[in-house]
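Trainee: Contents of input-v4.cif (mmCIF, C-alpha atoms):
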data_upload
loop_
_atom_site.label_atom_id
_atom_site.label_comp_id
_atom_site.auth_asym_id
_atom_site.auth_seq_id
_atom_site.Cartn_x
_atom_site.Cartn_y
_atom_site.Cartn_z
CA GLU A 1 122.67 -27.49 -151.92
CA ILE A 2 123.26 -24.26 -153.87
CA TRP A 3 125.67 -24.23 -156.80
CA GLU A 4 127.02 -21.14 -158.53
CA VAL A 5 126.39 -21.39 -162.27
CA GLU A 6 129.41 -19.35 -163.39
CA SER A 7 132.03 -21.22 -161.34
CA GLY A 8 130.28 -24.58 -161.11
CA LYS A 9 131.11 -24.71 -157.38
CA PRO A 10 128.81 -25.17 -154.37
CA ILE A 11 128.06 -22.21 -152.12
CA GLY A 12 127.60 -22.70 -148.39
CA LYS A 13 126.55 -25.98 -146.85
CA PRO A 14 123.94 -28.52 -147.97
CA LEU A 15 120.57 -28.70 -146.23
CA LYS A 16 119.72 -32.18 -144.93
CA GLY A 17 116.95 -31.92 -142.31
CA THR A 18 119.05 -33.92 -139.81
CA ASP A 19 122.67 -34.66 -138.98
CA ASP A 20 121.93 -38.19 -137.74
CA SER A 21 123.14 -40.59 -140.43
CA THR A 22 121.02 -43.41 -138.94
CA MET A 23 117.81 -41.56 -139.87
CA GLY A 24 116.14 -41.47 -143.24
CA TYR A 25 115.44 -38.06 -144.69
CA PHE A 26 114.52 -36.49 -148.00
CA ALA A 27 113.53 -33.05 -149.24
CA THR A 28 109.90 -32.80 -150.35
CA SER A 29 109.72 -29.20 -151.60
CA LYS A 30 111.85 -26.05 -151.68
CA ASP A 31 111.95 -22.43 -152.84
CA MET A 32 114.33 -19.49 -153.21
CA HIS A 33 113.60 -16.09 -151.70
CA PRO A 34 112.64 -13.61 -154.47
CA THR A 35 115.29 -11.02 -153.56
CA GLN A 36 117.64 -12.48 -150.92
CA PRO A 37 120.24 -15.30 -151.10
CA ILE A 38 118.00 -17.56 -149.02
CA ILE A 39 116.73 -21.08 -149.66
CA ALA A 40 113.95 -22.83 -147.75
CA SER A 41 113.32 -26.57 -147.80
CA THR A 42 110.94 -29.02 -146.16
CA PHE A 43 112.20 -32.47 -145.13
CA PHE A 44 110.67 -35.73 -143.98
CA VAL A 45 112.89 -37.07 -141.22
CA ILE A 46 112.22 -40.74 -140.53
CA SER A 47 113.32 -42.12 -137.17
CA GLY A 48 111.44 -43.59 -134.21
CA ARG A 49 109.06 -40.68 -134.68
CA THR A 50 108.50 -39.23 -138.11
CA ASN A 51 108.54 -35.45 -138.38
CA THR A 52 108.38 -32.96 -141.18
CA VAL A 53 110.79 -30.12 -140.52
CA VAL A 54 111.53 -26.78 -142.16
CA GLU A 55 115.07 -25.51 -142.70
CA VAL A 56 115.93 -22.03 -144.04
CA TYR A 57 119.47 -21.01 -144.89
CA ASN A 58 121.27 -17.86 -146.09
CA TYR A 59 123.96 -19.29 -148.34
CA LYS A 60 125.89 -16.00 -148.64
CA THR A 61 126.28 -15.38 -144.90
CA ASP A 62 126.29 -19.11 -143.98
CA GLN A 63 123.49 -18.47 -141.49
CA THR A 64 120.70 -20.88 -140.57
CA LEU A 65 117.52 -18.82 -140.20
CA VAL A 66 115.03 -21.58 -139.41
CA ASP A 67 116.70 -24.57 -137.79
CA ARG A 68 114.70 -27.71 -138.60
CA VAL A 69 111.49 -26.56 -136.96
CA PRO A 70 108.90 -29.40 -136.79
CA VAL A 71 105.67 -28.60 -138.63
CA SER A 72 103.76 -31.87 -138.86
CA GLU A 73 103.90 -35.59 -138.14
CA ASP A 74 101.96 -36.35 -141.33
CA VAL A 75 103.68 -38.65 -143.81
CA GLY A 76 103.24 -38.12 -147.55
CA ASN A 77 104.88 -36.54 -150.57
CA LEU A 78 102.29 -33.77 -151.08
CA SER A 79 104.00 -30.65 -149.83
CA GLN A 80 104.50 -27.00 -150.78
CA THR A 81 107.26 -24.61 -149.74
CA PHE A 82 107.12 -21.10 -151.18
CA PHE A 83 107.90 -17.49 -150.39
CA THR A 84 105.21 -14.90 -151.01
CA ALA A 85 105.75 -12.53 -153.93
CA ASP A 86 106.91 -9.72 -151.62
CA GLY A 87 109.25 -12.06 -149.74
CA LYS A 88 107.70 -11.23 -146.36
CA HIS A 89 106.34 -14.70 -145.59
CA LEU A 90 107.30 -18.33 -146.05
CA VAL A 91 104.41 -20.74 -146.58
CA VAL A 92 104.75 -24.47 -145.87
CA VAL A 93 102.09 -27.11 -146.56
CA ILE A 94 102.42 -30.75 -145.49
CA LEU A 95 99.44 -32.75 -146.69
CA LYS A 96 96.61 -31.08 -144.69
CA THR A 97 98.77 -28.89 -142.40
CA LEU A 98 99.59 -25.21 -143.05
CA ALA A 99 102.42 -23.24 -141.44
CA ILE A 100 103.33 -19.58 -142.10
CA PHE A 101 106.65 -18.00 -141.11
CA SER A 102 107.48 -14.29 -140.99
CA THR A 103 110.73 -13.60 -142.86
CA LYS A 104 111.34 -10.60 -140.60
CA THR A 105 111.55 -12.66 -137.39
CA TRP A 106 111.74 -16.18 -138.92
CA GLU A 107 109.13 -17.24 -136.39
CA LEU A 108 105.74 -18.83 -137.02
CA VAL A 109 102.99 -16.19 -137.27
CA SER A 110 100.66 -18.70 -135.55
CA GLN A 111 100.61 -22.37 -134.67
CA PRO A 112 100.36 -24.71 -137.68
CA VAL A 113 96.76 -25.45 -138.69
CA ALA A 114 95.58 -28.95 -139.64
CA PHE A 115 92.50 -28.81 -141.88
CA ASP A 116 89.78 -31.46 -141.91
CA SER A 117 90.66 -33.00 -145.27
CA THR A 118 93.09 -35.42 -146.87
CA TYR A 119 95.34 -32.66 -148.20
CA ILE A 120 95.26 -28.95 -149.04
CA VAL A 121 96.66 -26.69 -151.75
CA ALA A 122 97.66 -23.12 -150.86
CA LYS A 123 97.71 -20.21 -153.33
CA GLU A 124 98.75 -16.64 -152.60
CA ILE A 125 95.97 -14.13 -153.32
CA PRO A 126 97.84 -11.39 -155.23
CA GLY A 127 98.07 -8.03 -153.45
CA GLN A 128 95.88 -9.00 -150.48
CA ARG A 129 98.35 -10.54 -147.99
CA LYS A 130 96.17 -13.64 -147.85
CA LEU A 131 96.19 -17.27 -148.93
CA LEU A 132 93.43 -19.19 -150.64
CA ILE A 133 93.29 -22.74 -149.28
CA ARG A 134 91.58 -25.51 -151.24
CA LYS A 135 90.72 -28.59 -149.18
CA SER A 136 90.62 -31.90 -151.02
CA GLY A 137 89.60 -35.42 -150.02
CA PRO A 138 87.64 -36.68 -147.02
CA GLY A 139 88.37 -35.54 -143.49
CA LYS A 140 87.60 -37.24 -140.17
CA SER A 141 83.95 -37.68 -141.13
CA GLY A 142 84.94 -39.70 -144.19
CA LYS A 143 83.23 -37.17 -146.45
CA ASP A 144 84.51 -34.36 -148.62
CA SER A 145 84.12 -30.84 -147.27
CA THR A 146 81.00 -28.92 -148.30
CA ASN A 147 83.09 -25.73 -148.11
CA PRO A 148 86.42 -26.57 -149.79
CA LEU A 149 87.77 -22.98 -149.99
CA VAL A 150 89.10 -21.02 -147.02
CA VAL A 151 91.00 -17.71 -146.81
CA VAL A 152 93.94 -17.39 -144.38
CA SER A 153 95.58 -14.12 -143.36
CA LEU A 154 99.36 -14.11 -143.84
CA ASP A 155 99.91 -11.68 -140.98
CA GLY A 156 98.12 -13.55 -138.20
CA GLY A 157 96.94 -16.85 -139.62
CA LYS A 158 93.26 -15.95 -139.14
CA LEU A 159 90.78 -18.07 -141.12
CA SER A 160 87.77 -16.57 -142.91
CA GLU A 161 85.13 -17.46 -145.48
CA VAL A 162 85.81 -16.96 -149.18
CA GLY A 163 82.70 -14.91 -149.87
CA LEU A 164 81.51 -17.03 -152.79
CA SER A 165 78.35 -19.10 -153.01
CA ASN A 166 77.98 -22.51 -154.64
CA ILE A 167 81.57 -23.66 -154.06
CA GLY A 168 80.91 -27.13 -152.64
CA ASP A 169 82.04 -28.87 -155.82
CA VAL A 170 85.09 -26.71 -156.58
CA SER A 171 88.02 -28.93 -157.59
CA GLY A 172 90.61 -26.29 -158.53
CA ALA A 173 91.31 -22.58 -158.07
CA GLU A 174 93.85 -20.41 -159.90
CA TYR A 175 94.56 -16.68 -159.61
CA SER A 176 96.12 -14.67 -162.41
CA GLU A 177 99.43 -13.02 -161.51
CA ASN A 178 98.11 -9.61 -160.47
CA GLY A 179 94.79 -10.87 -159.15
CA ARG A 180 92.66 -9.71 -162.06
CA PHE A 181 90.98 -13.12 -162.46
CA LEU A 182 90.13 -16.14 -160.34
CA ALA A 183 89.33 -19.34 -162.25
CA LEU A 184 87.37 -22.12 -160.53
CA SER A 185 86.99 -25.62 -161.95
CA ARG A 186 84.37 -28.06 -160.67
CA ASN A 187 84.27 -31.79 -159.92
CA GLY A 188 81.27 -32.39 -162.15
CA GLY A 189 82.71 -30.30 -164.96
CA GLY A 190 82.62 -26.65 -165.87
CA LEU A 191 84.82 -23.63 -165.32
CA ASP A 192 83.85 -20.21 -163.94
CA LEU A 193 85.82 -16.98 -164.09
CA HIS A 194 85.52 -14.36 -161.34
CA HIS A 195 86.94 -10.89 -160.84
CA GLY A 196 89.86 -11.60 -158.53
CA HIS A 197 89.48 -8.67 -156.15
CA SER A 198 85.71 -8.39 -155.80
CA MET A 199 85.00 -12.11 -156.36
CA ASP A 200 82.07 -11.09 -158.57
CA PRO A 201 81.19 -13.55 -161.38
CA TYR A 202 82.68 -12.60 -164.74
CA LEU A 203 82.30 -15.46 -167.24
CA LYS A 204 81.04 -19.03 -167.29
CA LEU A 205 83.56 -20.48 -169.70
CA PHE A 206 82.48 -24.12 -169.76
CA SER A 207 79.42 -25.98 -168.59
CA ALA A 208 79.04 -29.44 -167.02
CA ASN A 209 80.83 -32.46 -168.51
CA GLU A 210 83.89 -30.36 -169.44
CA LEU A 211 86.47 -31.50 -166.88
CA PHE A 212 89.74 -29.67 -166.14
CA SER A 213 92.65 -30.93 -164.06
CA LEU A 214 95.14 -28.02 -164.29
CA MET A 215 95.00 -24.28 -165.03
CA SER A 216 97.65 -21.62 -165.63
CA PHE A 217 97.45 -17.91 -166.47
CA SER A 218 100.17 -16.17 -168.45
CA SER A 219 102.09 -13.38 -166.69
CA SER A 220 100.24 -10.71 -168.71
CA GLU A 221 96.92 -12.26 -167.54
CA ARG A 222 95.79 -12.38 -171.16
CA TYR A 223 95.89 -16.15 -171.69
CA LEU A 224 94.55 -19.07 -169.67
CA ALA A 225 95.82 -22.59 -170.34
CA LEU A 226 93.62 -25.54 -169.37
CA ALA A 227 94.50 -29.24 -169.17
CA SER A 228 91.83 -31.94 -169.31
CA PRO A 229 91.91 -35.58 -168.12
CA ASP A 230 91.74 -36.69 -171.79
CA ASN A 231 95.19 -35.06 -172.33
CA THR A 232 93.76 -32.08 -174.20
CA ILE A 233 95.22 -28.59 -173.65
CA ARG A 234 93.24 -25.47 -174.49
CA ILE A 235 94.46 -21.85 -174.65
CA LEU A 236 91.85 -19.15 -174.00
CA ASP A 237 92.13 -15.42 -174.75
CA MET A 238 90.90 -13.43 -171.72
CA ASP A 239 91.01 -10.17 -173.68
CA ASN A 240 88.41 -11.68 -176.01
CA SER A 241 85.92 -12.99 -173.41
CA GLY A 242 87.70 -16.31 -173.00
CA VAL A 243 87.55 -17.40 -176.64
CA GLU A 244 89.50 -20.60 -177.35
CA ILE A 245 92.38 -19.80 -179.70
CA HIS A 246 94.37 -23.06 -179.58
CA ARG A 247 93.73 -26.71 -178.78
CA PHE A 248 96.15 -29.62 -178.94
CA LEU A 249 96.50 -33.16 -177.65
CA VAL A 250 99.48 -34.70 -175.85
CA ASN A 251 100.27 -38.40 -175.54
CA ASN A 252 100.18 -38.91 -171.77
CA GLU A 253 98.39 -37.74 -168.64
CA ILE A 254 99.35 -34.14 -167.82
CA ASN A 255 100.62 -33.42 -164.31
CA PHE A 256 102.27 -30.01 -164.79
CA LEU A 257 101.11 -26.93 -166.69
CA LYS A 258 102.62 -23.46 -166.40
CA PHE A 259 103.38 -20.47 -168.60
CA ILE A 260 107.02 -19.40 -168.45
CA PRO A 261 107.15 -16.16 -166.41
CA GLY A 262 107.15 -13.13 -168.68
CA ARG A 263 106.43 -15.17 -171.80
CA ASP A 264 102.93 -15.44 -173.23
CA ASP A 265 104.23 -17.67 -176.04
CA ARG A 266 105.90 -20.38 -173.93
CA LEU A 267 104.04 -23.03 -171.92
CA TYR A 268 105.66 -25.76 -169.80
CA ILE A 269 103.87 -29.12 -169.99
CA GLY A 270 104.86 -32.16 -167.95
CA ASP A 271 103.37 -35.65 -168.02
CA LYS A 272 103.60 -38.74 -165.82
CA THR A 273 106.21 -40.37 -168.03
CA GLY A 274 108.66 -37.55 -167.33
#
Taking this structure as input, can you express it in the form of structure tokens?
Mentor:
Amino acid sequence: EIWEVESGKPIGKPLKGTDDSTMGYFATSKDMHPTQPIIASTFFVISGRTNTVVEVYNYKTDQTLVDRVPVSEDVGNLSQTFFTADGKHLVVVILKTLAIFSTKTWELVSQPVAFDSTYIVAKEIPGQRKLLIRKSGPGKSGKDSTNPLVVVSLDGGKLSEVGLSNIGDVSGAEYSENGRFLALSRNGGGLDLHHGHSMDPYLKLFSANELFSLMSFSSSERYLALASPDNTIRILDMDNSGVEIHRFLVNNEINFLKFIPGRDDRLYIGDKTG
């Protein structure tokens, strides 16, 4: 439900995923449109048959734009719901299933795609109208994918290769805001930096045995924050060839790391204790 900060009153109606009070339901992820008074949310609806549905609502005009469209029957709390930076597409991820909606028609651009993995993470590739998909965990074969990165077109849902070699052990991928850099971390340790548009190698920042769980670029693309499994956070200066300028230790396992938009001097850190 949307609340107006100034008045402290709700606007429009709450989103619930279902009107049947006998069913269980809960929101798993949500996002606001970058320029329009529109909220999108993904719900698990638990009944005789479990579905994950997408609901999109304009809270100024009281208009439902996407009316609880089923996306997946997968059950799990790993989901993403986000609008692209230009507001032209809505991206929904449920575990290993990807769905893309056009915000012009509010229809799916293609049928949802289920990848051969345990779950996926989708990132918008800045300025290219594409998504970078990272597959994680074993698929039907019981083995991890030897090609964990896939590119998906936002306009038609077409899948293509990334265009990078030696990516079988990639564990994480993070673009800087304007696509200047692409950082890749690896399961066995190490972190590589590529030019975001050409994909050409730029810097090898860390070698094997240096493990990283989370990465975040500042809005200016100057700084890269890295979180390690030993609860260490490093700040690197990209304008100085990735030199480490700060390092500090937190008390608990880090599960969220993000620079505040527009602020190079503010970093959000979340841990499993809340």
Trainee: To one decimal place, how far is CA of Tyr59 (chain A) from CA of Val109 (chain A) in Å?
Mentor: 23.9 Å
Trainee: Counting only C-alpha atoms, what are the residues of region 166-229 of chain A within 9 Å of region 133-142 of chain A, and for each of them which pair of atoms is the nearest and at what distance in Å, to one decimal? Sort the table by chain and rising number, as JSON lines.
Mentor:
{"residue": "A:Val170", "atom": "CA", "partner": "A:Arg134", "partner_atom": "CA", "distance": 8.5}
{"residue": "A:Ser171", "atom": "CA", "partner": "A:Ser136", "partner_atom": "CA", "distance": 7.7}
{"residue": "A:Gly172", "atom": "CA", "partner": "A:Arg134", "partner_atom": "CA", "distance": 7.4}
{"residue": "A:Ala173", "atom": "CA", "partner": "A:Arg134", "partner_atom": "CA", "distance": 7.4}
Trainee: Could you give me, as a ChimeraX atom specification, the residues within 12 Å of Asn187 (chain A), counting all atoms listed in the file and dropping anything in the same chain fewer than 2 positions from it?
Mentor: /A:136-137,144,148,167-173,184-185,189-191,207-213,229
Trainee: For Thr105 (chain A), which of A:Val66, A:Ile46, A:Ala85, A:Leu78 is the closest residue, counting only C-alpha atoms?
Mentor: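 Among the listed residues, A:Val66 lies closest to Thr105 (chain A).
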Trainee: Residue by residue, what does the PyMOL selection byres ((chain A and resi 180) around 7) grab here? Present the result as a list in words.
Mentor: Ser176, Asn178, Gly179, Phe181, His195, Gly196 and His197 of chain A
Trainee: Can you list, as a PDB file with C-alpha atoms, keeping the file's coordinate frame, every protein, DNA or RNA residue that comes within 6 Å of Leu226 (chain A) when you count only C-alpha atoms, leaving out same-chain residues fewer than 4 positions away?
Mentor:
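Wrote selection.pdb, looks like this:
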ATOM      1  CA  LEU A 214      95.140 -28.020-164.290  1.00  0.00           C
ATOM      2  CA  MET A 215      95.000 -24.280-165.030  1.00  0.00           C
ATOM      3  CA  ILE A 233      95.220 -28.590-173.650  1.00  0.00           C
ATOM      4  CA  ARG A 234      93.240 -25.470-174.490  1.00  0.00           C
TER       5      ARG A 234
END
Trainee: Excluding same-chain residues fewer than 3 positions from region 25-37 of chain A, what lies within 9 Å of it counting only C-alpha atoms, as a PyMOL selection string?
Mentor: chain A and resi 15-18+40-47+57-61+76-87+90+92
Trainee: Fewer than 2 positions away in the same chain doesn't count, so skip those; otherwise give me all residues within 10 Å of Arg129 (chain A), counting all atoms listed in the file, as a list in words.
Mentor: Thr84, Ala85, Asp86, Lys88, His89, Glu124, Ile125, Pro126, Gly127, Leu131, Val152, Ser153, Leu154 and Asp155 of chain A
Trainee: Please rebuild region 87-98 of chain A with all heavy atoms and give the result as a compact mmCIF listing (two decimals), in the frame of the given file.
Mentor:
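And here's result.txt as it stands now:
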# COMPACT_ATOMS: atom_id res chain seq x y z
N GLY A 87 108.17 -11.50 -150.55
CA GLY A 87 109.25 -12.06 -149.74
C GLY A 87 109.07 -11.94 -148.25
O GLY A 87 109.97 -12.28 -147.48
N LYS A 88 107.90 -11.49 -147.79
CA LYS A 88 107.70 -11.23 -146.36
C LYS A 88 107.23 -12.45 -145.57
O LYS A 88 107.24 -12.44 -144.35
CB LYS A 88 106.71 -10.08 -146.18
CG LYS A 88 107.24 -8.74 -146.68
CD LYS A 88 106.26 -7.61 -146.42
CE LYS A 88 106.84 -6.28 -146.89
NZ LYS A 88 105.89 -5.15 -146.66
N HIS A 89 106.81 -13.51 -146.28
CA HIS A 89 106.34 -14.70 -145.59
C HIS A 89 106.83 -15.95 -146.32
O HIS A 89 107.03 -15.94 -147.53
CB HIS A 89 104.81 -14.73 -145.51
CG HIS A 89 104.23 -13.65 -144.65
ND1 HIS A 89 103.90 -12.41 -145.15
CD2 HIS A 89 103.93 -13.62 -143.32
CE1 HIS A 89 103.42 -11.67 -144.17
NE2 HIS A 89 103.43 -12.37 -143.06
N LEU A 90 107.00 -17.00 -145.54
CA LEU A 90 107.30 -18.33 -146.05
C LEU A 90 106.11 -19.23 -145.72
O LEU A 90 105.70 -19.32 -144.57
CB LEU A 90 108.57 -18.89 -145.42
CG LEU A 90 108.90 -20.36 -145.72
CD1 LEU A 90 109.20 -20.56 -147.19
CD2 LEU A 90 110.06 -20.84 -144.85
N VAL A 91 105.58 -19.88 -146.74
CA VAL A 91 104.41 -20.74 -146.58
C VAL A 91 104.84 -22.19 -146.76
O VAL A 91 105.52 -22.53 -147.73
CB VAL A 91 103.31 -20.38 -147.60
CG1 VAL A 91 102.10 -21.31 -147.45
CG2 VAL A 91 102.89 -18.93 -147.45
N VAL A 92 104.42 -23.04 -145.81
CA VAL A 92 104.75 -24.47 -145.87
C VAL A 92 103.45 -25.26 -145.71
O VAL A 92 102.67 -25.01 -144.79
CB VAL A 92 105.74 -24.87 -144.76
CG1 VAL A 92 105.97 -26.37 -144.76
CG2 VAL A 92 107.05 -24.12 -144.93
N VAL A 93 103.24 -26.21 -146.62
CA VAL A 93 102.09 -27.11 -146.56
C VAL A 93 102.60 -28.54 -146.54
O VAL A 93 103.40 -28.94 -147.39
CB VAL A 93 101.14 -26.92 -147.76
CG1 VAL A 93 100.08 -28.01 -147.79
CG2 VAL A 93 100.49 -25.54 -147.72
N ILE A 94 102.14 -29.32 -145.56
CA ILE A 94 102.42 -30.75 -145.49
C ILE A 94 101.08 -31.47 -145.44
O ILE A 94 100.37 -31.41 -144.45
CB ILE A 94 103.25 -31.11 -144.23
CG1 ILE A 94 104.52 -30.26 -144.15
CG2 ILE A 94 103.58 -32.59 -144.25
CD1 ILE A 94 105.47 -30.45 -145.29
N LEU A 95 100.72 -32.09 -146.56
CA LEU A 95 99.44 -32.75 -146.69
C LEU A 95 98.31 -31.80 -146.31
O LEU A 95 97.97 -30.91 -147.07
CB LEU A 95 99.40 -34.03 -145.87
CG LEU A 95 100.29 -35.18 -146.37
CD1 LEU A 95 100.14 -36.41 -145.48
CD2 LEU A 95 99.96 -35.56 -147.80
N LYS A 96 97.74 -31.91 -145.10
CA LYS A 96 96.61 -31.08 -144.69
C LYS A 96 97.00 -29.98 -143.70
O LYS A 96 96.14 -29.27 -143.20
CB LYS A 96 95.53 -31.96 -144.06
CG LYS A 96 96.00 -32.67 -142.79
CD LYS A 96 94.94 -33.61 -142.26
CE LYS A 96 95.45 -34.34 -141.01
NZ LYS A 96 94.46 -35.32 -140.50
N THR A 97 98.30 -29.83 -143.43
CA THR A 97 98.77 -28.89 -142.40
C THR A 97 99.43 -27.67 -143.04
O THR A 97 100.26 -27.81 -143.95
CB THR A 97 99.76 -29.57 -141.43
OG1 THR A 97 99.11 -30.67 -140.80
CG2 THR A 97 100.23 -28.60 -140.37
N LEU A 98 99.06 -26.49 -142.56
CA LEU A 98 99.59 -25.21 -143.05
C LEU A 98 100.40 -24.52 -141.97
O LEU A 98 99.96 -24.41 -140.82
CB LEU A 98 98.44 -24.30 -143.48
CG LEU A 98 98.79 -22.85 -143.81
CD1 LEU A 98 99.56 -22.77 -145.12
CD2 LEU A 98 97.52 -21.99 -143.89
